[in-house]
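Undergrad: File upload09.cif below, mmCIF, C-alpha atoms and all ligand atoms:
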data_coords
#
loop_
_atom_site.label_atom_id
_atom_site.label_comp_id
_atom_site.auth_asym_id
_atom_site.auth_seq_id
_atom_site.Cartn_x
_atom_site.Cartn_y
_atom_site.Cartn_z
CA MET N 1 5.31 2.65 13.75
CA GLU N 2 2.59 3.65 16.17
CA PRO N 3 -0.64 5.04 14.70
CA ASP N 4 0.17 8.43 16.23
CA PHE N 5 3.37 8.60 14.17
CA TRP N 6 1.31 8.49 10.96
CA ARG N 7 -1.47 10.74 12.28
CA GLN N 8 1.11 13.36 13.12
CA ARG N 9 2.77 13.04 9.70
CA TRP N 10 -0.56 13.64 7.96
CA ARG N 11 -1.54 16.47 10.35
CA GLU N 12 1.75 18.25 9.71
CA GLY N 13 1.69 17.55 5.95
CA ARG N 14 4.94 15.56 6.14
CA ILE N 15 3.85 13.17 3.40
CA GLY N 16 6.83 13.09 1.08
CA PHE N 17 5.78 9.55 0.11
CA HIS N 18 2.69 10.90 -1.69
CA ARG N 19 3.08 11.35 -5.46
CA ALA N 20 1.03 13.83 -7.43
CA ASP N 21 1.25 11.50 -10.44
CA VAL N 22 0.68 7.80 -11.03
CA LEU N 23 3.69 5.57 -10.35
CA PRO N 24 5.26 4.78 -13.77
CA SER N 25 6.11 1.22 -12.66
CA LEU N 26 2.45 0.56 -11.93
CA VAL N 27 1.54 1.52 -15.50
CA ARG N 28 4.45 -0.50 -16.88
CA HIS N 29 3.85 -3.73 -14.99
CA TRP N 30 0.16 -3.92 -14.12
CA SER N 31 -0.78 -5.99 -17.19
CA THR N 32 1.61 -8.77 -16.09
CA LEU N 33 -0.98 -9.72 -13.47
CA GLY N 34 -3.44 -10.49 -16.29
CA LEU N 35 -6.55 -9.41 -14.40
CA PRO N 36 -9.96 -9.07 -16.01
CA ALA N 37 -11.58 -5.63 -15.94
CA GLY N 38 -14.12 -5.46 -13.15
CA SER N 39 -11.99 -7.47 -10.74
CA THR N 40 -11.26 -6.04 -7.32
CA VAL N 41 -7.85 -4.73 -6.31
CA PHE N 42 -6.83 -4.26 -2.69
CA VAL N 43 -4.52 -1.36 -1.83
CA PRO N 44 -3.21 -1.76 1.74
CA LEU N 45 -2.00 1.39 3.54
CA CYS N 46 -3.41 3.38 0.65
CA GLY N 47 -2.96 6.98 1.80
CA LYS N 48 -4.51 9.20 -0.87
CA SER N 49 -2.55 7.54 -3.66
CA ARG N 50 -3.39 8.61 -7.22
CA ASP N 51 -2.56 5.02 -8.19
CA MET N 52 -6.04 4.08 -6.93
CA ALA N 53 -7.62 6.38 -9.52
CA TRP N 54 -5.48 4.81 -12.24
CA LEU N 55 -6.57 1.31 -11.15
CA ALA N 56 -10.22 2.39 -11.21
CA ALA N 57 -9.70 3.85 -14.70
CA GLN N 58 -8.55 0.38 -15.82
CA GLY N 59 -12.00 -0.91 -14.85
CA HIS N 60 -11.15 -2.29 -11.41
CA ARG N 61 -13.02 -1.92 -8.18
CA VAL N 62 -10.63 -0.65 -5.53
CA VAL N 63 -10.66 -1.53 -1.84
CA GLY N 64 -8.19 0.34 0.34
CA ILE N 65 -7.38 0.72 3.99
CA GLU N 66 -5.73 3.66 5.67
CA LEU N 67 -5.35 4.68 9.31
CA VAL N 68 -5.84 8.38 8.71
CA GLY N 69 -9.31 9.50 7.67
CA ASP N 70 -8.10 12.87 6.35
CA ALA N 71 -6.09 11.03 3.69
CA LEU N 72 -9.21 9.26 2.45
CA HIS N 73 -11.31 12.43 2.52
CA ALA N 74 -8.61 14.17 0.47
CA PHE N 75 -8.64 11.32 -2.06
CA PHE N 76 -12.42 11.47 -2.51
CA ALA N 77 -12.29 15.26 -2.81
CA ASP N 78 -9.62 14.98 -5.53
CA GLU N 79 -11.93 12.55 -7.35
CA GLY N 80 -14.92 14.86 -6.99
CA LEU N 81 -16.77 12.15 -5.06
CA THR N 82 -18.77 12.38 -1.84
CA PRO N 83 -18.66 9.01 -0.10
CA GLY N 84 -21.34 7.44 2.01
CA SER N 85 -19.87 6.19 5.27
CA ASP N 86 -20.83 3.58 7.84
CA ARG N 87 -19.22 1.94 10.83
CA ILE N 88 -18.13 -1.69 10.82
CA GLU N 89 -17.36 -3.46 14.08
CA ALA N 90 -14.07 -5.34 13.83
CA ALA N 91 -12.55 -7.69 16.39
CA SER N 92 -10.77 -5.02 18.38
CA SER N 93 -11.86 -1.69 16.92
CA THR N 94 -14.42 0.05 14.75
CA LEU N 95 -13.56 0.66 11.11
CA ILE N 96 -15.24 3.34 9.05
CA ARG N 97 -16.15 2.29 5.54
CA HIS N 98 -16.32 5.06 2.92
CA ARG N 99 -17.89 4.17 -0.42
CA ALA N 100 -18.25 6.10 -3.67
CA GLY N 101 -17.82 5.23 -7.33
CA ALA N 102 -15.41 2.32 -7.77
CA TYR N 103 -13.96 2.78 -4.29
CA THR N 104 -14.50 1.18 -0.91
CA LEU N 105 -11.93 2.73 1.41
CA TYR N 106 -11.72 1.64 5.02
CA GLU N 107 -10.48 3.98 7.70
CA GLY N 108 -8.72 1.98 10.39
CA ASP N 109 -5.97 -0.50 11.12
CA LEU N 110 -5.10 -3.00 8.40
CA PHE N 111 -4.73 -5.71 11.01
CA ASP N 112 -8.40 -5.31 11.98
CA LEU N 113 -9.60 -5.86 8.40
CA ASP N 114 -10.86 -9.39 7.80
CA ALA N 115 -11.58 -11.46 4.69
CA ALA N 116 -15.34 -10.84 4.87
CA MET N 117 -14.89 -7.05 4.89
CA LEU N 118 -12.44 -7.26 2.02
CA GLY N 119 -14.55 -9.49 -0.20
CA ASN N 120 -13.26 -11.32 -3.24
CA VAL N 121 -9.94 -9.75 -4.17
CA ALA N 122 -8.08 -10.65 -7.39
CA ALA N 123 -4.92 -8.65 -6.72
CA ILE N 124 -3.04 -6.59 -4.20
CA TYR N 125 -1.11 -3.45 -5.10
CA ASP N 126 1.57 -2.61 -2.54
CA ARG N 127 3.43 0.62 -3.06
CA ALA N 128 5.02 2.11 0.07
CA ALA N 129 3.11 -0.24 2.38
CA LEU N 130 5.51 -3.09 3.22
CA ILE N 131 8.42 -0.65 3.19
CA ALA N 132 6.53 1.60 5.62
CA LEU N 133 6.53 -1.11 8.28
CA PRO N 134 9.34 -1.86 10.72
CA ALA N 135 10.94 -5.31 10.55
CA ASP N 136 8.97 -6.73 13.48
CA LEU N 137 5.64 -6.05 11.72
CA ARG N 138 6.51 -7.27 8.21
CA ARG N 139 5.98 -10.98 8.82
CA ARG N 140 2.62 -10.23 10.44
CA TYR N 141 1.72 -7.99 7.48
CA ALA N 142 2.57 -10.63 4.84
CA THR N 143 0.75 -13.36 6.78
CA HIS N 144 -2.28 -11.12 7.20
CA LEU N 145 -2.45 -10.36 3.46
CA ASP N 146 -2.24 -14.08 2.68
CA CYS N 147 -5.00 -14.72 5.20
CA ILE N 148 -7.49 -12.06 4.05
CA ALA N 149 -6.75 -12.31 0.30
CA PRO N 150 -5.49 -15.88 -0.27
CA MET N 151 -6.33 -15.99 -3.99
CA ALA N 152 -4.75 -12.66 -4.85
CA SER N 153 -1.64 -12.10 -6.89
CA GLN N 154 0.34 -9.01 -5.98
CA LEU N 155 2.36 -6.22 -7.53
CA LEU N 156 4.90 -5.13 -4.90
CA VAL N 157 7.09 -2.04 -5.20
CA CYS N 158 10.09 -1.83 -2.86
CA LEU N 159 12.91 0.61 -2.29
CA GLU N 160 16.51 -0.26 -1.48
CA TYR N 161 19.33 1.92 -0.20
CA PRO N 162 22.63 1.21 1.55
CA ASP N 163 22.46 -0.06 5.12
CA GLY N 164 22.56 2.56 7.82
CA GLU N 165 21.88 5.58 5.59
CA HIS N 166 18.32 6.11 6.81
CA GLN N 167 16.33 4.83 9.76
CA GLY N 168 13.01 4.48 7.92
CA PRO N 169 10.29 4.63 6.98
CA PRO N 170 10.73 3.98 4.14
CA PHE N 171 12.75 0.91 5.07
CA SER N 172 15.13 -0.71 2.61
CA ILE N 173 13.81 -4.16 1.65
CA ASP N 174 15.76 -6.31 -0.79
CA ALA N 175 14.86 -9.35 -2.89
CA GLU N 176 16.08 -11.79 -0.27
CA ALA N 177 13.78 -10.25 2.33
CA VAL N 178 10.82 -10.33 -0.07
CA ALA N 179 11.48 -14.04 -0.80
CA ALA N 180 11.72 -14.76 2.93
CA LEU N 181 8.35 -13.10 3.55
CA TYR N 182 6.34 -14.53 0.66
CA GLY N 183 8.28 -17.65 -0.34
CA ALA N 184 10.87 -17.66 -3.14
CA ALA N 185 8.69 -19.82 -5.41
CA ARG N 186 5.97 -17.16 -5.46
CA VAL N 187 8.22 -14.19 -6.18
CA GLU N 188 9.20 -12.99 -9.65
CA ALA N 189 11.43 -9.93 -9.99
CA LEU N 190 10.04 -7.67 -12.73
CA SER N 191 12.37 -4.68 -12.76
CA ARG N 192 15.08 -2.73 -10.95
CA GLN N 193 15.98 0.89 -11.57
CA THR N 194 18.00 3.57 -9.91
CA LEU N 195 15.82 6.51 -8.92
CA PRO N 196 16.86 10.14 -8.54
CA LYS N 197 18.06 10.64 -4.96
CA ASP N 198 15.42 13.34 -4.50
CA ASP N 199 12.75 10.63 -4.77
CA GLY N 200 13.95 9.13 -1.50
CA PRO N 201 14.71 10.16 2.05
CA ALA N 202 17.41 12.72 2.74
CA GLY N 203 20.90 11.31 3.19
CA VAL N 204 20.50 8.26 0.96
CA SER N 205 23.36 7.97 -1.55
CA VAL N 206 21.79 5.46 -3.98
CA LEU N 207 18.09 4.71 -4.25
CA THR N 208 16.81 1.68 -6.15
CA GLU N 209 13.22 0.76 -6.94
CA ALA N 210 12.53 -2.97 -7.33
CA VAL N 211 9.20 -4.33 -8.53
CA TYR N 212 7.98 -7.88 -7.94
CA ARG N 213 5.06 -10.00 -8.99
CA ILE N 214 3.97 -12.31 -6.20
CA GLY N 215 1.80 -15.27 -7.04
CA PRO N 216 -1.21 -16.34 -4.97
CA ARG N 217 -0.50 -18.41 -1.88
C1 LIG N 301 4.30 5.50 3.29
S1 LIG N 301 2.60 5.81 3.29
C2 LIG N 301 2.12 5.16 1.70
C3 LIG N 301 0.74 5.56 1.26
C4 LIG N 301 0.38 5.07 -0.16
N1 LIG N 301 0.53 3.65 -0.30
C5 LIG N 301 1.14 5.81 -1.22
O1 LIG N 301 1.75 5.15 -2.08
O2 LIG N 301 1.09 7.05 -1.23
C6 LIG N 301 1.99 4.60 4.43
C7 LIG N 301 0.56 4.85 4.85
O3 LIG N 301 0.10 3.77 5.65
C8 LIG N 301 -0.73 4.25 6.68
N2 LIG N 301 -0.67 3.22 7.73
C9 LIG N 301 0.38 2.93 8.52
N3 LIG N 301 0.10 1.88 9.31
C10 LIG N 301 -1.16 1.48 9.01
C11 LIG N 301 -2.02 0.43 9.47
N4 LIG N 301 -1.63 -0.43 10.44
N5 LIG N 301 -3.23 0.30 8.93
C12 LIG N 301 -3.66 1.17 7.95
N6 LIG N 301 -2.89 2.18 7.47
C13 LIG N 301 -1.65 2.33 7.99
C14 LIG N 301 -0.15 5.60 7.03
O4 LIG N 301 -1.07 6.46 7.62
C15 LIG N 301 0.35 6.10 5.67
O5 LIG N 301 -0.63 6.90 5.03
#
Kindly present the structure from the file in structure tokens form.
TA:
Amino acid sequence: MEPDFWRQRWREGRIGFHRADVLPSLVRHWSTLGLPAGSTVFVPLCGKSRDMAWLAAQGHRVVGIELVGDALHAFFADEGLTPGSDRIEAASSTLIRHRAGAYTLYEGDLFDLDAAMLGNVAAIYDRAALIALPADLRRRYATHLDCIAPMASQLLVCLEYPDGEHQGPPFSIDAEAVAALYGAARVEALSRQTLPKDDGPAGVSVLTEAVYRIGPR
């Protein structure tokens, strides 16, 4: 999707992907990564997800990246935090880095974020990031994550629905596609559950959430 697609969605408040609560599957599965408190978690395409606050409450530092600054400002406001902000020159654009409390949230394009900006990351939490990307960007996304966070394990949350019932995003991504992106040997399926249809896009007849643990590269 073009950046303007997402900017328009946020401007118009069409953010049905945002949850007011913490994702239950995050709470259920996070301990399987076995991370020490104080380690850093990267949340790509973070929006204003409440999951970041839950991760911080577990003692993690949280680094996120999001195209739309308003989403990040809304997150900090919800947390009662006023971030300090500076500009970071990336290869092909300028990112804005917002920092407060346990959070370092970059405003800009994920593909402009490099390993030095990210720092030492123990884990990646992907909810509604991979499934937000069209097929032609997913390989680049997975390769980029491996490149900027090579030592990180990952908790990945995907949605599946029958072919042709929705154009996406969110896109339906099954276990075979996840194995093709990250390598079957790295991928462990943790859970599958049918979600209420209202949790997904209109017109989808069956909605399934699948959660994976992905080992470091
Ligand atoms: C489906 S939403 C999910 C947000 C969040 N993960 C959540 O669970 O609420 C995808 C988000 O990714 C952002 N986004 C899309 N492409 C991006 C990119 N290339 N770099 C950074 N953010 C991006 C969009 O603005 C949008 O907020």
Undergrad: Please identify the residues whose atoms come within 8 Å of ligand LIG 301 (chain N), using only C-alpha atoms and all ligand atoms, and report them as a ChimeraX atom specification.
TA: /N:1-3,6-7,9-10,15,17-19,43-51,65-68,71,107-111,126-129,131-133,169-170
Undergrad: If you keep C-alpha atoms, can you produce a file of those selected residues as a PDB file, in the frame of the given file?
TA:
ATOM      1  CA  MET N   1       5.310   2.650  13.750  1.00  0.00           C
ATOM      2  CA  GLU N   2       2.590   3.650  16.170  1.00  0.00           C
ATOM      3  CA  PRO N   3      -0.640   5.040  14.700  1.00  0.00           C
ATOM      4  CA  TRP N   6       1.310   8.490  10.960  1.00  0.00           C
ATOM      5  CA  ARG N   7      -1.470  10.740  12.280  1.00  0.00           C
ATOM      6  CA  ARG N   9       2.770  13.040   9.700  1.00  0.00           C
ATOM      7  CA  TRP N  10      -0.560  13.640   7.960  1.00  0.00           C
ATOM      8  CA  ILE N  15       3.850  13.170   3.400  1.00  0.00           C
ATOM      9  CA  PHE N  17       5.780   9.550   0.110  1.00  0.00           C
ATOM     10  CA  HIS N  18       2.690  10.900  -1.690  1.00  0.00           C
ATOM     11  CA  ARG N  19       3.080  11.350  -5.460  1.00  0.00           C
ATOM     12  CA  VAL N  43      -4.520  -1.360  -1.830  1.00  0.00           C
ATOM     13  CA  PRO N  44      -3.210  -1.760   1.740  1.00  0.00           C
ATOM     14  CA  LEU N  45      -2.000   1.390   3.540  1.00  0.00           C
ATOM     15  CA  CYS N  46      -3.410   3.380   0.650  1.00  0.00           C
ATOM     16  CA  GLY N  47      -2.960   6.980   1.800  1.00  0.00           C
ATOM     17  CA  LYS N  48      -4.510   9.200  -0.870  1.00  0.00           C
ATOM     18  CA  SER N  49      -2.550   7.540  -3.660  1.00  0.00           C
ATOM     19  CA  ARG N  50      -3.390   8.610  -7.220  1.00  0.00           C
ATOM     20  CA  ASP N  51      -2.560   5.020  -8.190  1.00  0.00           C
ATOM     21  CA  ILE N  65      -7.380   0.720   3.990  1.00  0.00           C
ATOM     22  CA  GLU N  66      -5.730   3.660   5.670  1.00  0.00           C
ATOM     23  CA  LEU N  67      -5.350   4.680   9.310  1.00  0.00           C
ATOM     24  CA  VAL N  68      -5.840   8.380   8.710  1.00  0.00           C
ATOM     25  CA  ALA N  71      -6.090  11.030   3.690  1.00  0.00           C
ATOM     26  CA  GLU N 107     -10.480   3.980   7.700  1.00  0.00           C
ATOM     27  CA  GLY N 108      -8.720   1.980  10.390  1.00  0.00           C
ATOM     28  CA  ASP N 109      -5.970  -0.500  11.120  1.00  0.00           C
ATOM     29  CA  LEU N 110      -5.100  -3.000   8.400  1.00  0.00           C
ATOM     30  CA  PHE N 111      -4.730  -5.710  11.010  1.00  0.00           C
ATOM     31  CA  ASP N 126       1.570  -2.610  -2.540  1.00  0.00           C
ATOM     32  CA  ARG N 127       3.430   0.620  -3.060  1.00  0.00           C
ATOM     33  CA  ALA N 128       5.020   2.110   0.070  1.00  0.00           C
ATOM     34  CA  ALA N 129       3.110  -0.240   2.380  1.00  0.00           C
ATOM     35  CA  ILE N 131       8.420  -0.650   3.190  1.00  0.00           C
ATOM     36  CA  ALA N 132       6.530   1.600   5.620  1.00  0.00           C
ATOM     37  CA  LEU N 133       6.530  -1.110   8.280  1.00  0.00           C
ATOM     38  CA  PRO N 169      10.290   4.630   6.980  1.00  0.00           C
ATOM     39  CA  PRO N 170      10.730   3.980   4.140  1.00  0.00           C
TER      40      PRO N 170
END
Undergrad: Go through N:Ser205, N:Thr94, N:Gln193, N:Gln154 one by one, measure the shortest atom-to-atom distance of each to His166 of chain N using only C-alpha atoms, and give the residue with the smallest value.
TA: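 Ranked by minimum distance to His166 of chain N, first place goes to N:Ser205.
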Undergrad: Tell me, in Å to one decimal, how far atom CA of Glu160 of chain N is from atom CA of Ala202 of chain N.
TA: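 Here the two named atoms are 13.7 Å from each other.
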Undergrad: Using only C-alpha atoms, can you tell me which of N:Thr104, N:Ser92, N:Gln58, N:Thr194 comes closest to Leu72 of chain N?
TA: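 Of N:Thr104, N:Ser92, N:Gln58, N:Thr194, the one nearest Leu72 of chain N, counting only C-alpha atoms, is N:Thr104.
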Undergrad: May I ask which of the residues N:Ala122, N:Met117, N:Leu23, N:Val41 is the closest one to Pro216 of chain N, counting all atoms listed in the file?
TA: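 Among the listed residues, the smallest separation from Pro216 of chain N belongs to N:Ala122.
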Undergrad: Smallest atom-to-atom distance to Ser153 of chain N: which of N:Asp112, N:Asp198, N:Glu188, N:Asp70, using all atoms listed in the file?
TA: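 Closest residue, counting all atoms listed in the file: N:Glu188.
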Undergrad: For Leu155 of chain N, which of N:Tyr106, N:Ser191, N:Gly64, N:Pro201 is the closest residue, counting only C-alpha atoms?
TA: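 Closest to Leu155 of chain N, using only C-alpha atoms: N:Ser191.
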Undergrad: Quick one: residues within 12 Å of Ala135 of chain N, only C-alpha atoms counted, chain neighbours fewer than 5 positions away excluded, as a VMD selection string?
TA: chain N and resid 1 130 140 to 142 167 to 173 177 to 178 181
Undergrad: Calculate how many Å separate atom CA of Ala189 of chain N from atom CA of Ala210 of chain N, rounding to one decimal.
TA: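 Here the two named atoms are 7.5 Å from each other.
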Undergrad: When you draw a straight line from atom CA of Asp174 of chain N to atom CA of Val211 of chain N, how long is it in Å?
TA: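 Interatomic distance here is 10.3 Å.
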Undergrad: I want to know what sits within 6 Å of Arg97 of chain N, based on only C-alpha atoms, with residues of the same chain fewer than 6 positions away left out; could you give that as a list of chain:residue names?
TA: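 Once the nearby chain positions are removed, what remains is N:Ser85, N:Asp86, N:Leu105, N:Tyr106.
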Undergrad: As a VMD selection string, please: the residues near Arg61 of chain N (cut-off 12 Å, all atoms listed in the file, same-chain neighbours under 6 positions excluded).
TA: chain N and resid 35 to 43 52 to 55 99 to 105 118 to 124
Undergrad: Given the selection you just returned, output its residues as a file containing C-alpha atoms, formatted as a short mmCIF file (atom, residue, chain, number, x, y, z; two decimals), in the frame of the given file.
TA:
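Saved result, part-v3.cif, follows:
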data_model
loop_
_atom_site.label_atom_id
_atom_site.label_comp_id
_atom_site.auth_asym_id
_atom_site.auth_seq_id
_atom_site.Cartn_x
_atom_site.Cartn_y
_atom_site.Cartn_z
CA LEU N 35 -6.55 -9.41 -14.40
CA PRO N 36 -9.96 -9.07 -16.01
CA ALA N 37 -11.58 -5.63 -15.94
CA GLY N 38 -14.12 -5.46 -13.15
CA SER N 39 -11.99 -7.47 -10.74
CA THR N 40 -11.26 -6.04 -7.32
CA VAL N 41 -7.85 -4.73 -6.31
CA PHE N 42 -6.83 -4.26 -2.69
CA VAL N 43 -4.52 -1.36 -1.83
CA MET N 52 -6.04 4.08 -6.93
CA ALA N 53 -7.62 6.38 -9.52
CA TRP N 54 -5.48 4.81 -12.24
CA LEU N 55 -6.57 1.31 -11.15
CA ARG N 99 -17.89 4.17 -0.42
CA ALA N 100 -18.25 6.10 -3.67
CA GLY N 101 -17.82 5.23 -7.33
CA ALA N 102 -15.41 2.32 -7.77
CA TYR N 103 -13.96 2.78 -4.29
CA THR N 104 -14.50 1.18 -0.91
CA LEU N 105 -11.93 2.73 1.41
CA LEU N 118 -12.44 -7.26 2.02
CA GLY N 119 -14.55 -9.49 -0.20
CA ASN N 120 -13.26 -11.32 -3.24
CA VAL N 121 -9.94 -9.75 -4.17
CA ALA N 122 -8.08 -10.65 -7.39
CA ALA N 123 -4.92 -8.65 -6.72
CA ILE N 124 -3.04 -6.59 -4.20
#
Undergrad: Taking only C-alpha atoms into account, which of N:Ala175, N:Ala180, N:Ile214, N:Ala185 comes nearest Leu159 of chain N?
TA: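 Looking at the shortest contact to Leu159 of chain N, the residue is N:Ala175.
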Undergrad: Around all of segment 199-206 of chain N's listed atoms, make the axis-aligned box with 8 Å on each side and tell me centre and edge lengths in Å to one decimal, as JSON.
TA:
{"center_x": 18.1, "center_y": 9.1, "center_z": -0.8, "size_x": 26.6, "size_y": 23.3, "size_z": 24.0}
